[in-house]
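Asks: Submitted below is the structure of interest, expressed as structure tokens.
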Amino acid sequence: ALPPRFTPETAVPLFRLGRMGGVLSASLTPDSSGRITPAVIRRVLGTGGMQRTRYDSVSGDWTANVDDLYRFELGRFPVRPGARDSYTPPAPFRIDTVNGRVRQAVYGTDDGMRGAWVRYPAERLVIMVLSNDSTADARAMAMQLSERVLEPPQ
């Protein structure tokens with residue numbers, strides 16, 4: 001068990017990522033034989049120190065927590081202060097415009113339930129919502145959070 005005194009609340013429990021796991025899977029580069037080996041998985045898990053994230057090589061499913069996903073975000077999509085985010089996100093992210101702002105988003109399910117990983121690259125804002133509740137509307141939660149955090153467009 002993890003000692004609670006030294007563990008951030010965002011580090012436990014682990015949540016099934018569903019479609020959001022595609023972001024991590026997009027980083028899995030097969031070895032020279034074309035296989036996804038434990039070493040390949042360790043390279044992805046080593047991005048920013050995602051020590052609690054798990055990959056099931058049989059089903060291809062990922063489980064993770066917000067803390068580890070945010071570390072992956074910082075390690076994989078670096079944006080320096082004052083610099084434009086010119087990184088093209090992996091295929092699971094869908095790019096659209098909301099209130100005049102570019103948004104990159106992927107959800108745990110096709111209908112936006114269970115989890116949300118939403119990026120507003122120009123504003124350098126990342127919103128992550130994870131739940132084990134299949135009725136949790138993560139898309140709506142992420143939208144409400146973004147409306148509270150972002151200033152209305154000029």
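So you can find residues: chains in the structure tokens are A, B, ... in the order shown, residues in each start at 1, and ligands are numbered from 1 in order.
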Neighbouring residues of Leu17 of chain A were defined as those with any atom within 7 Å, considering only C-alpha atoms; residues of the same chain fewer than 3 positions away were excluded. Please report them as a compact mmCIF listing (two decimals) with C-alpha atoms, in the first residue's frame.

Replies:
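Listed below is the output, part.txt:
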# COMPACT_ATOMS: atom_id res chain seq x y z
CA MET A 20 -7.93 7.93 -23.90
CA GLY A 21 -5.46 5.05 -23.74
CA TRP A 62 -4.41 1.10 -20.13
CA THR A 63 -5.18 2.02 -16.53
CA ALA A 64 -3.77 5.19 -15.01
CA GLY A 108 -12.97 7.64 -22.32
CA GLY A 115 -12.88 10.30 -18.76

Asks: Report as a list of chain:residue names all protein, DNA and RNA residues lying within 10 Å of Pro13 of chain A, evaluated on only C-alpha atoms, omitting residues in the same chain fewer than 3 positions from it.

Replies: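 Selected residues are A:Glu9, A:Thr10, A:Arg52, A:Thr63, A:Ala64, A:Asn65, A:Val66, A:Leu130, A:Ser131, A:Asn132.
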
Asks: Would you save the residues from that selection as a CSV table (one decimal), in the first residue's frame, using N, CA and C atoms?

Replies:
chain,number,residue,atom,x,y,z
A,9,GLU,N,-3.5,13.1,-3.9
A,9,GLU,CA,-4.8,12.5,-4.1
A,9,GLU,C,-5.0,12.1,-5.5
A,10,THR,N,-4.3,12.7,-6.5
A,10,THR,CA,-4.5,12.4,-7.9
A,10,THR,C,-3.8,11.1,-8.3
A,52,ARG,N,2.8,4.3,-11.8
A,52,ARG,CA,1.6,3.5,-11.5
A,52,ARG,C,0.7,3.1,-12.7
A,63,THR,N,-4.6,1.5,-17.7
A,63,THR,CA,-5.2,2.0,-16.5
A,63,THR,C,-4.2,3.0,-16.0
A,64,ALA,N,-4.7,4.1,-15.5
A,64,ALA,CA,-3.8,5.2,-15.0
A,64,ALA,C,-4.5,6.1,-14.0
A,65,ASN,N,-3.8,7.1,-13.6
A,65,ASN,CA,-4.4,8.1,-12.7
A,65,ASN,C,-4.1,9.5,-13.3
A,66,VAL,N,-4.7,10.5,-12.8
A,66,VAL,CA,-4.5,11.8,-13.3
A,66,VAL,C,-3.0,12.3,-13.1
A,130,LEU,N,-11.1,11.8,-14.7
A,130,LEU,CA,-11.2,10.3,-14.7
A,130,LEU,C,-12.2,9.9,-13.7
A,131,SER,N,-13.0,8.8,-14.1
A,131,SER,CA,-14.0,8.3,-13.2
A,131,SER,C,-14.2,6.8,-13.6
A,132,ASN,N,-14.5,6.0,-12.6
A,132,ASN,CA,-14.9,4.6,-12.8
A,132,ASN,C,-16.4,4.5,-13.0

Asks: Could you write out, as an MDAnalysis selection string, all the residues of segment 5-149 of chain A that DSSP marks as strand (DSSP E or B)?

Replies: chainID A and resid 15:16 54:56 61:64 94:98 101:107 113 115:120 125:130 137

Asks: Go through A:Gln51, A:Gln104, A:Ser134, A:Ser33 and flag the residue nearest Arg71 of chain A, using only C-alpha atoms for the distances.

Replies: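 Ranking A:Gln51, A:Gln104, A:Ser134, A:Ser33 by distance to Arg71 of chain A, first place goes to A:Gln51.
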
Asks: Using only C-alpha atoms, determine which residues lie at most 8 Å from Tyr107 of chain A, disregarding the query and same-chain residues fewer than 2 positions distant; provide the list as a PDB file with N, CA and C atoms, in the first residue's frame.

Replies:
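For reference, out36.pdb as written:
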ATOM      1  N   GLY A  18     -10.001   3.604 -21.401  1.00  0.00           N
ATOM      2  CA  GLY A  18     -10.831   3.491 -22.599  1.00  0.00           C
ATOM      3  C   GLY A  18     -10.137   4.119 -23.792  1.00  0.00           C
ATOM      4  N   ARG A  19     -10.865   4.953 -24.541  1.00  0.00           N
ATOM      5  CA  ARG A  19     -10.317   5.572 -25.750  1.00  0.00           C
ATOM      6  C   ARG A  19      -9.133   6.497 -25.455  1.00  0.00           C
ATOM      7  N   MET A  20      -9.054   7.045 -24.243  1.00  0.00           N
ATOM      8  CA  MET A  20      -7.934   7.929 -23.896  1.00  0.00           C
ATOM      9  C   MET A  20      -6.612   7.171 -23.907  1.00  0.00           C
ATOM     10  N   ALA A 105      -9.151  17.164 -27.848  1.00  0.00           N
ATOM     11  CA  ALA A 105      -9.826  16.389 -26.815  1.00  0.00           C
ATOM     12  C   ALA A 105      -9.963  14.929 -27.201  1.00  0.00           C
ATOM     13  N   THR A 109     -14.989   7.328 -23.620  1.00  0.00           N
ATOM     14  CA  THR A 109     -15.899   6.621 -24.516  1.00  0.00           C
ATOM     15  C   THR A 109     -16.286   7.545 -25.658  1.00  0.00           C
ATOM     16  N   ASP A 110     -16.881   6.995 -26.699  1.00  0.00           N
ATOM     17  CA  ASP A 110     -17.292   7.802 -27.850  1.00  0.00           C
ATOM     18  C   ASP A 110     -18.263   8.909 -27.467  1.00  0.00           C
ATOM     19  N   ASP A 111     -19.087   8.666 -26.434  1.00  0.00           N
ATOM     20  CA  ASP A 111     -20.082   9.672 -26.049  1.00  0.00           C
ATOM     21  C   ASP A 111     -19.604  10.580 -24.907  1.00  0.00           C
ATOM     22  N   GLY A 112     -18.308  10.573 -24.603  1.00  0.00           N
ATOM     23  CA  GLY A 112     -17.739  11.520 -23.634  1.00  0.00           C
ATOM     24  C   GLY A 112     -17.871  11.114 -22.178  1.00  0.00           C
ATOM     25  N   MET A 113     -18.135   9.844 -21.920  1.00  0.00           N
ATOM     26  CA  MET A 113     -18.313   9.391 -20.546  1.00  0.00           C
ATOM     27  C   MET A 113     -16.994   8.872 -19.964  1.00  0.00           C
ATOM     28  N   ARG A 114     -16.960   8.730 -18.647  1.00  0.00           N
ATOM     29  CA  ARG A 114     -15.867   8.131 -17.864  1.00  0.00           C
ATOM     30  C   ARG A 114     -14.609   8.977 -17.745  1.00  0.00           C
ATOM     31  N   GLY A 115     -14.133   9.561 -18.824  1.00  0.00           N
ATOM     32  CA  GLY A 115     -12.877  10.296 -18.757  1.00  0.00           C
ATOM     33  C   GLY A 115     -12.755  11.340 -19.849  1.00  0.00           C
ATOM     34  N   ALA A 116     -11.946  12.349 -19.579  1.00  0.00           N
ATOM     35  CA  ALA A 116     -11.686  13.410 -20.554  1.00  0.00           C
ATOM     36  C   ALA A 116     -10.232  13.854 -20.423  1.00  0.00           C
ATOM     37  N   TRP A 117      -9.593  14.026 -21.555  1.00  0.00           N
ATOM     38  CA  TRP A 117      -8.247  14.596 -21.635  1.00  0.00           C
ATOM     39  C   TRP A 117      -8.376  15.715 -22.653  1.00  0.00           C
ATOM     40  N   ALA A 138     -17.930  13.064 -18.482  1.00  0.00           N
ATOM     41  CA  ALA A 138     -16.628  13.734 -18.379  1.00  0.00           C
ATOM     42  C   ALA A 138     -16.513  14.879 -19.376  1.00  0.00           C
ATOM     43  N   ARG A 139     -17.139  14.746 -20.537  1.00  0.00           N
ATOM     44  CA  ARG A 139     -17.106  15.829 -21.533  1.00  0.00           C
ATOM     45  C   ARG A 139     -17.741  17.090 -20.947  1.00  0.00           C
TER      46      ARG A 139
END

Asks: For a test of reading the model, state the distance in Å between atom CA of Tyr70 of chain A and atom CA of Thr47 of chain A, rounded to one decimal.

Replies: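 Rounded to one decimal, the two atoms are 10.6 Å apart.
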
Asks: Give me every helix (DSSP H, G or I) residue in chain A, going by DSSP on the backbone, as a PyMOL selection string.

Replies: chain A and resi 4-6+9-11+18-25+38-45+66-76+121-123+138-149

Asks: Can those selected residues be exported to a file as an mmCIF file, in the first residue's frame so that it contains C-alpha atoms?

Replies:
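For reference, out.cif as written:
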data_model
loop_
_atom_site.group_PDB
_atom_site.id
_atom_site.type_symbol
_atom_site.label_atom_id
_atom_site.label_comp_id
_atom_site.auth_asym_id
_atom_site.auth_seq_id
_atom_site.Cartn_x
_atom_site.Cartn_y
_atom_site.Cartn_z
ATOM 1 C CA PRO A 4 -1.010 8.371 2.226
ATOM 2 C CA ARG A 5 1.153 11.104 3.687
ATOM 3 C CA PHE A 6 3.438 11.146 0.637
ATOM 4 C CA GLU A 9 -4.798 12.492 -4.091
ATOM 5 C CA THR A 10 -4.542 12.352 -7.872
ATOM 6 C CA ALA A 11 -2.237 9.295 -7.740
ATOM 7 C CA GLY A 18 -10.831 3.491 -22.599
ATOM 8 C CA ARG A 19 -10.317 5.572 -25.750
ATOM 9 C CA MET A 20 -7.934 7.929 -23.896
ATOM 10 C CA GLY A 21 -5.458 5.047 -23.738
ATOM 11 C CA GLY A 22 -4.979 5.545 -27.474
ATOM 12 C CA VAL A 23 -2.810 8.566 -26.660
ATOM 13 C CA LEU A 24 -0.427 6.291 -24.770
ATOM 14 C CA SER A 25 -0.700 3.501 -27.358
ATOM 15 C CA PRO A 38 8.035 -5.019 -22.190
ATOM 16 C CA ALA A 39 11.004 -2.770 -23.058
ATOM 17 C CA VAL A 40 8.818 -0.777 -25.481
ATOM 18 C CA ILE A 41 6.164 -0.358 -22.787
ATOM 19 C CA ARG A 42 8.797 0.697 -20.226
ATOM 20 C CA ARG A 43 9.969 3.481 -22.573
ATOM 21 C CA VAL A 44 6.451 4.953 -22.611
ATOM 22 C CA LEU A 45 6.023 4.502 -18.869
ATOM 23 C CA VAL A 66 -4.496 11.844 -13.277
ATOM 24 C CA ASP A 67 -1.074 12.368 -11.707
ATOM 25 C CA ASP A 68 0.685 9.973 -14.098
ATOM 26 C CA LEU A 69 -1.227 11.222 -17.160
ATOM 27 C CA TYR A 70 -0.275 14.786 -16.336
ATOM 28 C CA ARG A 71 3.379 13.742 -16.039
ATOM 29 C CA PHE A 72 3.059 12.114 -19.471
ATOM 30 C CA GLU A 73 1.479 15.325 -20.777
ATOM 31 C CA LEU A 74 4.386 17.413 -19.496
ATOM 32 C CA GLY A 75 6.991 14.996 -20.852
ATOM 33 C CA ARG A 76 5.378 14.329 -24.225
ATOM 34 C CA PRO A 121 -2.721 24.539 -26.492
ATOM 35 C CA ALA A 122 -2.682 28.316 -27.028
ATOM 36 C CA GLU A 123 -3.754 28.855 -23.423
ATOM 37 C CA ALA A 138 -16.628 13.734 -18.379
ATOM 38 C CA ARG A 139 -17.106 15.829 -21.533
ATOM 39 C CA ALA A 140 -19.581 18.105 -19.726
ATOM 40 C CA MET A 141 -17.345 18.271 -16.641
ATOM 41 C CA ALA A 142 -14.323 19.270 -18.741
ATOM 42 C CA MET A 143 -16.399 21.896 -20.555
ATOM 43 C CA GLN A 144 -17.630 23.385 -17.267
ATOM 44 C CA LEU A 145 -14.072 23.492 -15.929
ATOM 45 C CA SER A 146 -12.792 25.204 -19.074
ATOM 46 C CA GLU A 147 -15.568 27.806 -18.878
ATOM 47 C CA ARG A 148 -14.591 28.585 -15.284
ATOM 48 C CA VAL A 149 -10.854 28.811 -15.993
#

Asks: Pick out the closest residue to Asn99 of chain A from this set: A:Asp61, A:Ala136, A:Arg54, A:Pro152. Count only C-alpha atoms.

Replies: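 For Asn99 of chain A, the nearest of the candidates is A:Pro152.
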
Asks: Between A:Tyr120, A:Tyr87, A:Phe77, A:Tyr55, which one has atoms that come closest to Val102 of chain A, using only C-alpha atoms?

Replies: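 Checking each of A:Tyr120, A:Tyr87, A:Phe77, A:Tyr55 against Val102 of chain A, counting only C-alpha atoms, the winner is A:Tyr120.
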